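What's in entry.cif: mmCIF, C-alpha atoms (C1' of nucleotides)
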data_target
loop_
_atom_site.label_atom_id
_atom_site.label_comp_id
_atom_site.auth_asym_id
_atom_site.auth_seq_id
_atom_site.Cartn_x
_atom_site.Cartn_y
_atom_site.Cartn_z
CA MET A 1 15.60 181.89 -50.38
CA GLY A 2 16.84 180.54 -47.10
CA ARG A 3 17.10 177.05 -45.88
CA TRP A 4 13.69 177.38 -44.25
CA GLU A 5 10.59 179.34 -45.03
CA PRO A 6 10.75 182.64 -43.18
CA GLY A 7 8.06 183.79 -40.80
CA ALA A 8 7.93 180.76 -38.56
CA GLY A 9 6.64 182.89 -35.70
CA ASP A 10 3.64 184.11 -37.68
CA ARG A 11 2.87 180.65 -38.98
CA LEU A 12 2.95 179.32 -35.44
CA ARG A 13 0.62 182.06 -34.21
CA GLU A 14 -1.88 181.37 -36.98
CA ALA A 15 -1.70 177.62 -36.56
CA ALA A 16 -2.18 177.87 -32.83
CA LEU A 17 -5.23 180.12 -33.03
CA ALA A 18 -6.83 177.89 -35.65
CA LEU A 19 -6.24 174.71 -33.70
CA TYR A 20 -7.24 176.21 -30.36
CA LEU A 21 -10.46 177.37 -32.02
CA GLU A 22 -11.19 174.05 -33.64
CA HIS A 23 -10.23 171.55 -30.94
CA GLY A 24 -9.79 173.65 -27.84
CA PHE A 25 -6.63 174.60 -26.00
CA ASP A 26 -6.26 171.45 -23.90
CA GLN A 27 -6.86 169.10 -26.80
CA THR A 28 -4.26 170.81 -28.94
CA MET A 29 -0.70 169.64 -28.47
CA VAL A 30 2.31 171.79 -29.16
CA ALA A 31 3.49 169.17 -31.64
CA ASP A 32 0.24 169.68 -33.61
CA ILE A 33 0.83 173.41 -33.87
CA ALA A 34 4.43 172.90 -34.86
CA ASP A 35 3.48 170.34 -37.51
CA ARG A 36 0.95 172.69 -39.02
CA ALA A 37 3.54 175.45 -39.10
CA GLY A 38 6.14 173.16 -40.63
CA VAL A 39 8.58 173.16 -37.73
CA THR A 40 9.27 171.02 -34.69
CA ALA A 41 7.96 171.46 -31.18
CA ARG A 42 11.41 172.53 -30.06
CA THR A 43 11.22 175.48 -32.43
CA PHE A 44 7.84 176.46 -31.03
CA PHE A 45 9.46 176.89 -27.64
CA ARG A 46 12.21 178.99 -29.15
CA TYR A 47 9.61 181.48 -30.32
CA PHE A 48 7.22 181.32 -27.39
CA ALA A 49 7.94 180.79 -23.74
CA ASP A 50 5.03 178.40 -23.36
CA LYS A 51 1.93 177.04 -25.02
CA ARG A 52 -0.17 180.01 -23.95
CA GLU A 53 2.18 182.78 -24.89
CA VAL A 54 1.60 182.20 -28.60
CA LEU A 55 -1.69 184.07 -28.17
CA PHE A 56 -0.24 186.90 -26.11
CA ASP A 57 3.18 187.97 -27.24
CA ARG A 58 1.69 190.85 -29.19
CA ALA A 59 0.42 192.31 -25.93
CA ALA A 60 3.81 193.83 -25.22
CA GLU A 61 3.38 196.02 -28.26
CA MET A 62 0.04 197.23 -26.94
CA ALA A 63 1.56 198.09 -23.58
CA GLU A 64 4.34 200.05 -25.28
CA LYS A 65 1.99 201.99 -27.52
CA SER A 66 -0.32 202.96 -24.70
CA LEU A 67 2.60 203.93 -22.48
CA ALA A 68 3.93 206.12 -25.28
CA ALA A 69 0.53 207.79 -25.58
CA LEU A 70 0.50 208.36 -21.86
CA GLU A 71 3.89 209.99 -21.96
CA ALA A 72 2.89 212.14 -24.90
CA ALA A 73 -0.23 213.46 -23.22
CA PRO A 74 -0.15 217.17 -22.37
CA ALA A 75 0.59 218.11 -18.79
CA THR A 76 -2.70 219.96 -18.50
CA MET A 77 -4.72 216.75 -18.63
CA SER A 78 -6.17 215.29 -15.46
CA THR A 79 -4.86 211.92 -14.30
CA LEU A 80 -7.88 210.07 -15.56
CA GLU A 81 -7.80 211.84 -18.91
CA VAL A 82 -4.21 210.77 -19.36
CA VAL A 83 -5.17 207.19 -18.65
CA ALA A 84 -8.03 207.48 -21.12
CA ALA A 85 -5.63 208.69 -23.78
CA ALA A 86 -3.39 205.71 -23.14
CA LEU A 87 -6.33 203.32 -23.49
CA ASP A 88 -7.37 204.98 -26.72
CA ALA A 89 -3.97 204.19 -28.17
CA ALA A 90 -4.34 200.57 -27.11
CA ALA A 91 -7.80 200.45 -28.64
CA ASP A 92 -6.45 201.70 -31.96
CA LEU A 93 -4.26 198.64 -32.20
CA ILE A 94 -7.00 196.06 -31.94
CA GLY A 95 -10.15 198.01 -32.61
CA HIS A 96 -9.91 197.52 -36.35
CA ASP A 97 -10.30 193.77 -36.57
CA ARG A 98 -13.20 192.79 -34.41
CA GLU A 99 -13.49 189.35 -35.97
CA LEU A 100 -9.94 188.45 -35.00
CA ALA A 101 -10.49 189.91 -31.55
CA ARG A 102 -13.65 187.86 -31.22
CA GLN A 103 -11.97 184.60 -32.18
CA ARG A 104 -9.05 185.21 -29.89
CA HIS A 105 -11.38 186.22 -27.08
CA ALA A 106 -13.52 183.12 -27.55
CA VAL A 107 -10.48 180.88 -27.30
CA ILE A 108 -9.21 182.65 -24.21
CA MET A 109 -12.55 182.68 -22.41
CA ALA A 110 -12.95 178.95 -23.01
CA ASN A 111 -9.90 178.08 -20.95
CA ALA A 112 -8.93 179.02 -17.41
CA ASP A 113 -5.20 178.97 -18.03
CA LEU A 114 -5.58 181.35 -20.93
CA ARG A 115 -7.76 183.66 -18.87
CA GLU A 116 -5.01 183.75 -16.29
CA ARG A 117 -2.48 184.75 -18.87
CA GLU A 118 -4.77 187.46 -20.20
CA LEU A 119 -5.18 188.89 -16.74
CA ILE A 120 -1.48 189.09 -16.08
CA LYS A 121 -0.91 190.82 -19.40
CA LEU A 122 -3.48 193.43 -18.46
CA ALA A 123 -1.92 193.71 -15.02
CA HIS A 124 1.42 194.27 -16.65
CA MET A 125 0.01 197.04 -18.76
CA SER A 126 -1.66 198.55 -15.73
CA ALA A 127 1.63 198.51 -13.84
CA ALA A 128 3.40 200.17 -16.75
CA LEU A 129 0.78 202.90 -16.90
CA ALA A 130 1.02 203.43 -13.16
CA ASP A 131 4.78 203.85 -13.51
CA GLY A 132 4.24 206.32 -16.30
CA LEU A 133 1.89 208.31 -14.10
CA ARG A 134 4.41 208.35 -11.28
CA GLN A 135 6.96 209.75 -13.68
CA ARG A 136 4.56 212.61 -14.14
CA GLY A 137 4.77 213.33 -10.45
CA ILE A 138 1.49 211.74 -9.51
CA ASP A 139 1.20 210.30 -6.05
CA ASP A 140 2.03 206.61 -5.70
CA THR A 141 -1.31 205.24 -4.60
CA GLU A 142 -3.21 207.58 -6.88
CA ALA A 143 -1.17 206.37 -9.83
CA SER A 144 -1.89 202.73 -9.03
CA LEU A 145 -5.57 203.43 -8.53
CA ALA A 146 -5.92 205.40 -11.74
CA ALA A 147 -4.15 202.72 -13.75
CA GLU A 148 -6.16 199.93 -12.17
CA ALA A 149 -9.39 201.82 -12.71
CA GLY A 150 -8.39 202.34 -16.31
CA SER A 151 -7.67 198.67 -16.67
CA ALA A 152 -11.10 197.85 -15.25
CA VAL A 153 -12.74 200.28 -17.64
CA TYR A 154 -10.88 198.72 -20.53
CA ARG A 155 -11.88 195.18 -19.58
CA VAL A 156 -15.53 196.07 -19.27
CA ALA A 157 -15.54 198.09 -22.48
CA PHE A 158 -13.72 195.43 -24.46
CA GLU A 159 -16.15 192.77 -23.33
CA ARG A 160 -19.07 194.93 -24.36
CA TRP A 161 -17.46 195.72 -27.70
CA VAL A 162 -16.57 192.18 -28.60
CA ASP A 163 -20.01 190.87 -27.67
CA ALA A 164 -21.95 193.68 -29.30
CA ASP A 165 -24.40 192.79 -32.06
CA ALA A 166 -24.25 196.01 -33.99
CA ASP A 167 -21.17 197.97 -34.94
CA LEU A 168 -19.61 199.64 -31.99
CA ASP A 169 -16.38 201.57 -31.84
CA LEU A 170 -14.02 200.32 -29.17
CA ARG A 171 -12.94 203.84 -28.32
CA ASP A 172 -16.54 204.87 -27.86
CA ALA A 173 -17.15 201.90 -25.63
CA ILE A 174 -14.17 202.87 -23.52
CA ARG A 175 -15.32 206.45 -23.24
CA GLN A 176 -18.79 205.37 -22.22
CA SER A 177 -17.42 203.09 -19.55
CA PHE A 178 -15.29 205.91 -18.22
CA ASP A 179 -18.34 208.11 -17.95
CA GLN A 180 -20.21 205.36 -16.20
CA LEU A 181 -17.39 204.96 -13.70
CA ARG A 182 -17.46 208.67 -13.00
CA ALA A 183 -21.20 208.56 -12.42
CA LEU A 184 -20.79 205.56 -10.18
CA THR A 185 -18.22 207.14 -7.93
CA ALA A 186 -19.96 210.50 -7.86
CA SER A 187 -22.80 209.32 -5.64
CA PRO A 188 -21.40 208.54 -2.20
CA MET B 1 -6.98 156.95 15.44
CA GLY B 2 -7.27 156.25 11.76
CA ARG B 3 -4.94 154.52 9.45
CA TRP B 4 -3.41 157.87 8.54
CA GLU B 5 -2.95 161.10 10.41
CA PRO B 6 -5.94 163.32 9.70
CA GLY B 7 -5.61 166.79 8.26
CA ALA B 8 -3.51 165.96 5.25
CA GLY B 9 -4.83 169.02 3.44
CA ASP B 10 -3.65 171.40 6.17
CA ARG B 11 -0.29 169.71 6.39
CA LEU B 12 0.14 170.05 2.66
CA ARG B 13 -0.77 173.74 2.79
CA GLU B 14 1.74 174.41 5.55
CA ALA B 15 4.48 172.36 3.94
CA ALA B 16 3.99 174.06 0.60
CA LEU B 17 4.13 177.58 2.00
CA ALA B 18 7.25 176.78 4.00
CA LEU B 19 9.04 175.21 1.07
CA TYR B 20 7.98 177.86 -1.41
CA LEU B 21 9.31 180.46 1.02
CA GLU B 22 12.57 178.69 1.61
CA HIS B 23 13.50 177.46 -1.85
CA GLY B 24 11.12 179.25 -4.17
CA PHE B 25 8.17 177.91 -6.10
CA ASP B 26 10.06 176.57 -9.10
CA GLN B 27 12.72 174.84 -7.03
CA THR B 28 10.12 173.08 -4.92
CA MET B 29 8.80 169.83 -6.28
CA VAL B 30 5.40 168.46 -5.45
CA ALA B 31 7.09 165.33 -4.17
CA ASP B 32 8.99 167.48 -1.65
CA ILE B 33 5.78 168.98 -0.32
CA ALA B 34 4.13 165.60 -0.14
CA ASP B 35 7.11 164.09 1.68
CA ARG B 36 7.08 166.86 4.25
CA ALA B 37 3.37 166.32 4.79
CA GLY B 38 3.81 162.56 5.05
CA VAL B 39 1.88 161.60 1.95
CA THR B 40 2.65 160.89 -1.69
CA ALA B 41 2.52 163.27 -4.63
CA ARG B 42 -0.61 161.52 -5.88
CA THR B 43 -2.38 162.52 -2.70
CA PHE B 44 -1.30 166.11 -3.16
CA PHE B 45 -3.17 166.18 -6.45
CA ARG B 46 -6.24 164.70 -4.82
CA TYR B 47 -6.40 167.70 -2.51
CA PHE B 48 -5.28 170.40 -4.91
CA ALA B 49 -5.88 170.71 -8.63
CA ASP B 50 -2.31 171.77 -9.24
CA LYS B 51 0.90 172.92 -7.62
CA ARG B 52 -0.29 176.51 -7.34
CA GLU B 53 -3.72 175.89 -5.97
CA VAL B 54 -2.35 174.84 -2.59
CA LEU B 55 -1.86 178.55 -1.88
CA PHE B 56 -5.26 179.62 -3.13
CA ASP B 57 -8.00 177.19 -2.29
CA ARG B 58 -9.00 179.30 0.70
CA ALA B 59 -9.87 182.13 -1.68
CA ALA B 60 -13.25 180.55 -2.39
CA GLU B 61 -14.19 181.09 1.22
CA MET B 62 -13.30 184.76 0.93
CA ALA B 63 -15.43 185.14 -2.18
CA GLU B 64 -18.38 183.51 -0.41
CA LYS B 65 -18.07 185.67 2.69
CA SER B 66 -17.86 188.88 0.74
CA LEU B 67 -20.75 187.87 -1.48
CA ALA B 68 -22.81 187.13 1.62
CA ALA B 69 -21.98 190.57 3.00
CA LEU B 70 -23.00 192.10 -0.30
CA GLU B 71 -26.32 190.34 -0.22
CA ALA B 72 -26.90 191.33 3.39
CA ALA B 73 -26.28 195.01 2.74
CA PRO B 74 -29.35 197.24 3.14
CA ALA B 75 -31.09 198.33 -0.01
CA THR B 76 -30.55 201.97 0.85
CA MET B 77 -26.82 201.76 0.25
CA SER B 78 -25.31 203.09 -2.95
CA THR B 79 -23.70 200.63 -5.32
CA LEU B 80 -20.20 201.56 -4.26
CA GLU B 81 -21.10 201.38 -0.57
CA VAL B 82 -22.38 197.88 -1.09
CA VAL B 83 -19.13 196.88 -2.74
CA ALA B 84 -17.20 198.49 0.12
CA ALA B 85 -19.20 196.41 2.60
CA ALA B 86 -18.35 193.27 0.69
CA LEU B 87 -14.65 194.11 0.71
CA ASP B 88 -14.79 194.81 4.44
CA ALA B 89 -16.02 191.28 4.97
CA ALA B 90 -13.16 189.94 2.89
CA ALA B 91 -10.71 192.06 4.84
CA ASP B 92 -11.97 190.62 8.11
CA LEU B 93 -10.90 187.16 6.99
CA ILE B 94 -7.28 187.97 6.37
CA GLY B 95 -6.74 191.26 8.12
CA HIS B 96 -5.91 189.60 11.43
CA ASP B 97 -2.75 187.79 10.47
CA ARG B 98 -0.55 190.19 8.63
CA GLU B 99 2.52 188.04 9.04
CA LEU B 100 0.88 185.12 7.26
CA ALA B 101 -0.44 187.46 4.61
CA ARG B 102 3.02 188.89 4.16
CA GLN B 103 4.66 185.50 3.73
CA ARG B 104 2.03 184.31 1.30
CA HIS B 105 2.24 187.56 -0.62
CA ALA B 106 6.03 187.38 -0.81
CA VAL B 107 5.86 183.89 -2.26
CA ILE B 108 3.23 184.88 -4.80
CA MET B 109 4.96 188.04 -5.93
CA ALA B 110 8.18 186.13 -6.47
CA ASN B 111 6.67 183.95 -9.19
CA ALA B 112 4.80 184.86 -12.35
CA ASP B 113 2.65 181.73 -12.40
CA LEU B 114 1.50 182.40 -8.87
CA ARG B 115 0.71 186.02 -9.69
CA GLU B 116 -1.45 184.76 -12.54
CA ARG B 117 -3.37 182.52 -10.21
CA GLU B 118 -3.85 185.33 -7.73
CA LEU B 119 -5.26 187.55 -10.44
CA ILE B 120 -7.79 184.99 -11.58
CA LYS B 121 -8.95 184.43 -8.03
CA LEU B 122 -9.56 188.15 -7.65
CA ALA B 123 -11.28 188.20 -11.03
CA HIS B 124 -13.50 185.38 -9.85
CA MET B 125 -14.43 187.32 -6.75
CA SER B 126 -15.07 190.39 -8.83
CA ALA B 127 -17.35 188.44 -11.14
CA ALA B 128 -19.25 187.04 -8.17
CA LEU B 129 -19.74 190.50 -6.72
CA ALA B 130 -20.90 191.82 -10.10
CA ASP B 131 -23.47 189.03 -10.23
CA GLY B 132 -24.61 189.89 -6.74
CA LEU B 133 -25.05 193.50 -7.76
CA ARG B 134 -27.10 192.49 -10.80
CA GLN B 135 -29.35 190.49 -8.51
CA ARG B 136 -30.02 193.76 -6.76
CA GLY B 137 -31.30 195.19 -10.01
CA ILE B 138 -28.21 197.15 -10.86
CA ASP B 139 -27.49 197.70 -14.53
CA ASP B 140 -25.20 195.16 -16.17
CA THR B 141 -22.25 197.35 -17.10
CA GLU B 142 -22.53 199.37 -13.91
CA ALA B 143 -22.36 196.17 -11.88
CA SER B 144 -19.24 195.01 -13.68
CA LEU B 145 -17.61 198.40 -13.33
CA ALA B 146 -18.39 198.71 -9.66
CA ALA B 147 -17.08 195.23 -8.93
CA GLU B 148 -13.94 195.79 -10.97
CA ALA B 149 -13.35 199.14 -9.34
CA GLY B 150 -13.79 197.49 -5.96
CA SER B 151 -11.32 194.82 -6.93
CA ALA B 152 -8.83 197.49 -7.96
CA VAL B 153 -9.32 199.30 -4.69
CA TYR B 154 -8.77 196.08 -2.80
CA ARG B 155 -5.59 195.24 -4.67
CA VAL B 156 -4.09 198.65 -4.08
CA ALA B 157 -5.13 198.74 -0.44
CA PHE B 158 -3.88 195.24 0.26
CA GLU B 159 -0.51 196.04 -1.23
CA ARG B 160 -0.23 199.15 0.89
CA TRP B 161 -1.30 197.26 4.00
CA VAL B 162 1.04 194.35 3.56
CA ASP B 163 4.02 196.61 2.85
CA ALA B 164 3.28 199.11 5.59
CA ASP B 165 5.89 199.62 8.28
CA ALA B 166 3.62 200.64 11.08
CA ASP B 167 0.36 199.03 12.10
CA LEU B 168 -2.37 199.70 9.62
CA ASP B 169 -5.85 198.27 9.57
CA LEU B 170 -6.72 196.61 6.29
CA ARG B 171 -10.25 197.95 6.45
CA ASP B 172 -8.93 201.46 6.94
CA ALA B 173 -6.60 201.05 3.99
CA ILE B 174 -9.53 199.95 1.86
CA ARG B 175 -11.63 202.87 2.94
CA GLN B 176 -8.83 205.30 2.19
CA SER B 177 -8.33 203.85 -1.25
CA PHE B 178 -12.04 204.16 -1.92
CA ASP B 179 -11.92 207.81 -0.97
CA GLN B 180 -8.95 208.32 -3.19
CA LEU B 181 -10.74 206.72 -6.12
CA ARG B 182 -13.68 209.02 -5.56
CA ALA B 183 -11.41 212.04 -5.53
CA LEU B 184 -9.69 210.81 -8.66
CA THR B 185 -12.87 210.41 -10.65
CA ALA B 186 -14.42 213.62 -9.34
CA SER B 187 -12.10 215.87 -11.32
CA PRO B 188 -12.92 215.49 -15.00
"C1'" DA C 1 -17.18 137.01 10.36
"C1'" DG C 2 -17.81 139.17 6.26
"C1'" DC C 3 -18.85 143.26 3.39
"C1'" DC C 4 -18.38 148.14 2.27
"C1'" DT C 5 -16.29 152.52 2.11
"C1'" DG C 6 -13.01 156.09 1.76
"C1'" DA C 7 -8.47 157.70 1.93
"C1'" DT C 8 -4.24 156.49 0.37
"C1'" DG C 9 -0.39 154.11 -2.25
"C1'" DT C 10 1.51 152.19 -6.62
"C1'" DC C 11 2.24 152.09 -11.37
"C1'" DA C 12 2.01 153.57 -16.04
"C1'" DT C 13 1.53 157.19 -19.12
"C1'" DC C 14 1.07 161.73 -21.33
"C1'" DT C 15 2.73 166.07 -22.32
"C1'" DA C 16 4.87 170.61 -21.42
"C1'" DC C 17 9.22 172.27 -21.22
"C1'" DT C 18 14.58 172.43 -21.24
"C1'" DG C 19 19.57 171.65 -22.05
"C1'" DA C 20 23.17 169.91 -25.05
"C1'" DC C 21 24.75 169.10 -29.25
"C1'" DA C 22 24.47 168.42 -34.43
"C1'" DT C 23 23.38 170.28 -39.01
"C1'" DC C 24 23.67 173.17 -42.86
"C1'" DA C 25 22.46 177.18 -46.01
"C1'" DC C 26 24.17 181.54 -46.09
"C1'" DT C 27 27.70 185.26 -45.42
"C1'" DC C 28 31.84 187.39 -44.61
"C1'" DT C 29 36.77 187.67 -45.02
"C1'" DA C 30 41.50 186.71 -46.22
"C1'" DT D 1 37.17 181.31 -53.87
"C1'" DA D 2 38.14 178.35 -49.90
"C1'" DG D 3 37.33 178.30 -45.33
"C1'" DA D 4 35.68 180.07 -40.99
"C1'" DG D 5 31.71 181.89 -38.70
"C1'" DT D 6 26.65 182.60 -37.85
"C1'" DG D 7 22.04 181.66 -36.93
"C1'" DA D 8 17.91 179.14 -37.33
"C1'" DT D 9 16.54 174.66 -36.97
"C1'" DG D 10 16.52 169.57 -35.91
"C1'" DT D 11 17.52 165.63 -32.81
"C1'" DC D 12 17.75 163.43 -28.51
"C1'" DA D 13 17.52 162.70 -23.74
"C1'" DG D 14 15.72 164.03 -19.57
"C1'" DT D 15 12.75 166.40 -15.76
"C1'" DA D 16 8.52 167.27 -13.62
"C1'" DG D 17 3.53 168.31 -13.47
"C1'" DA D 18 -0.69 165.98 -13.95
"C1'" DT D 19 -4.04 162.01 -14.56
"C1'" DG D 20 -6.26 157.36 -14.98
"C1'" DA D 21 -6.53 152.58 -13.34
"C1'" DC D 22 -6.11 149.55 -9.94
"C1'" DA D 23 -4.54 147.76 -5.32
"C1'" DT D 24 -4.59 148.13 -0.27
"C1'" DC D 25 -6.39 148.27 4.20
"C1'" DA D 26 -8.35 150.32 8.79
"C1'" DG D 27 -12.67 151.17 10.57
"C1'" DG D 28 -17.59 150.92 10.51
"C1'" DC D 29 -21.82 148.39 9.50
"C1'" DT D 30 -24.79 144.27 9.31
#

Would you give me this structure, written as structure tokens?
Amino acid sequence: MGRWEPGAGDRLREAALALYLEHGFDQTMVADIADRAGVTARTFFRYFADKREVLFDRAAEMAEKSLAALEAAPATMSTLEVVAAALDAAADLIGHDRELARQRHAVIMANADLRERELIKLAHMSAALADGLRQRGIDDTEASLAAEAGSAVYRVAFERWVDADADLDLRDAIRQSFDQLRALTASP
Amino acid sequence: MGRWEPGAGDRLREAALALYLEHGFDQTMVADIADRAGVTARTFFRYFADKREVLFDRAAEMAEKSLAALEAAPATMSTLEVVAAALDAAADLIGHDRELARQRHAVIMANADLRERELIKLAHMSAALADGLRQRGIDDTEASLAAEAGSAVYRVAFERWVDADADLDLRDAIRQSFDQLRALTASP
DNA sequence: AGCCTGATGTCATCTACTGACATCACTCTA
DNA sequence: TAGAGTGATGTCAGTAGATGACATCAGGCT
């Protein structure tokens, strides 16, 4: 056994979510989170770049997984199908625990600064997917548009999924939103 | 003549952009901006909610104008045409001064916090447009998707416009991106 | 002349965040 | 096995963004 309990990062993540849920993001101080996790505020900032990032550092993993899925997609797929495959991979990561997703989403939606951070994470993923598409030889603007459209589809689908009363599969929600986008853009 | 020079807000906006350009956002302190504008830092925060907002408070105007255009669009237009009309109105506001747009864009792209703020402003506009579409009786998810797709089109078109070597009309760039999105979603 | 108002300044304070340095259980090596 | 090295953490001091409370004062109103 080490000098300190291991897993400080996880403890900080859990403590932060709980406190943000209970008292709100603004009312929670970094020192509170650190106390609850049994470390000091200085340690918090060694694990997370800022007070918001504690809710988002797992997003990098999601971006990697979906990029990997994009790169693994067969060359015969259309651009949009490739993007859909990438989003499916992302959905697999979070689609299993809707309660956690709901809590996290509630916290984020309740605070403008957190919404900002969420948006830039999605934008980052979108940019990564666009790069991946370009690697496949897809035209520059088309790659950006496809990735951005995919990001929009994901946002809308996620919102619908997390707010849904009944059970709904995130992948299904994404697929439905894709179809709806196709229908939308089909009529001039 | 009053006790103070009028137009403190405009002076602060100009001073901030100039200093952010010259030294970068992080290296610029609010006190510097205030000094240059001939006021104190406290006054800065009376005009702008935070250090970033000084670059973005005009965005509300853009959202209003484009929403107005959306509401004024004839009922015969398709959903996507309505969104395109709204974006045209937004483009009219900033499409005339590409040099200013370029400077502002350079400053924003150089800093992650500013990119975040930009994204939430666009998200706000997108949400407003989606609401406007719902008022027209358009289905909930379809409204969100159309607005998000429009936002994506705008982002991509703006980027292309602001980086373009030759003269390019922002409205044209938007229209081209819309066409490209249609082509993209036409193939399954 | 005296009062009111609104924009600004001044001051105190909080809190996020950072750099520099100290500490100490654990590990590796001579 | 003693001693050096390592890495995660604590401690402390400091910067800067942001906010509340109160003071100031030119210009307008009565």

Show me, as a tab-separated table (two decimals) with C-alpha atoms, in the coordinates of the input, the residues of chain A whose atoms get within 6 Å of chain B, using all atoms listed in the file for the distance check.
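Output contents, as saved in out-v7.tsv:
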chain	number	residue	atom	x	y	z
A	116	GLU	CA	-5.01	183.75	-16.29
A	120	ILE	CA	-1.48	189.09	-16.08
A	148	GLU	CA	-6.16	199.93	-12.17
A	149	ALA	CA	-9.39	201.82	-12.71
A	152	ALA	CA	-11.10	197.85	-15.25
A	182	ARG	CA	-17.46	208.67	-13.00
A	185	THR	CA	-18.22	207.14	-7.93

Would you give me, as CSV, each residue of chain A having an atom within 10 Å of an atom of chain C, along with its shortest atom pair and that distance in Å to one decimal, using only C-alpha atoms (C1' of nucleotides) and sorting by chain and residue number?
residue,atom,partner,partner_atom,distance
A:Met1,CA,C:DA25,C1',9.4
A:Gly2,CA,C:DA25,C1',6.6
A:Arg3,CA,C:DA25,C1',5.4
A:Trp4,CA,C:DA25,C1',8.9
A:Met29,CA,C:DT15,C1',7.9
A:Val30,CA,C:DA16,C1',8.2
A:Ala31,CA,C:DT15,C1',9.9
A:Arg42,CA,C:DC17,C1',9.1
A:Phe45,CA,C:DC17,C1',7.9
A:Ala49,CA,C:DC17,C1',9.0
A:Asp50,CA,C:DC17,C1',7.7
A:Lys51,CA,C:DA16,C1',7.9

Could you build a table of the residues in chain D lying no more than 10 Å from chain A, giving for each the nearest pair of atoms and their separation in Å rounded to one decimal place, using only C-alpha atoms (C1' of nucleotides), ordered by chain and ascending residue number, as a Markdown table?
| residue | atom | partner | partner_atom | distance |
| --- | --- | --- | --- | --- |
| D:DA8 | C1' | A:Trp4 | CA | 8.3 |
| D:DT9 | C1' | A:Thr43 | CA | 7.0 |
| D:DG10 | C1' | A:Thr40 | CA | 7.5 |
| D:DT11 | C1' | A:Arg42 | CA | 9.6 |

Separation of atom CA of Ala110 of chain A and atom CA of Leu122 of chain B, in Å?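 Atom-to-atom, atom CA of Ala110 of chain A and atom CA of Leu122 of chain B are spaced 18.2 Å apart.
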
Go ahead and compute the interatomic distance for atom CA of Ala164 of chain B and atom CA of Arg136 of chain A, in Å to one decimal.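 Pair atom CA of Ala164 of chain B / atom CA of Arg136 of chain A returns 23.9 Å.
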
Selection in question (the file shown): the PyMOL selection byres ((chain B and resi 161) around 10). Which residues does it include, as number ranges by chain? B: 95, 98, 101-102, 155-160, 162-174
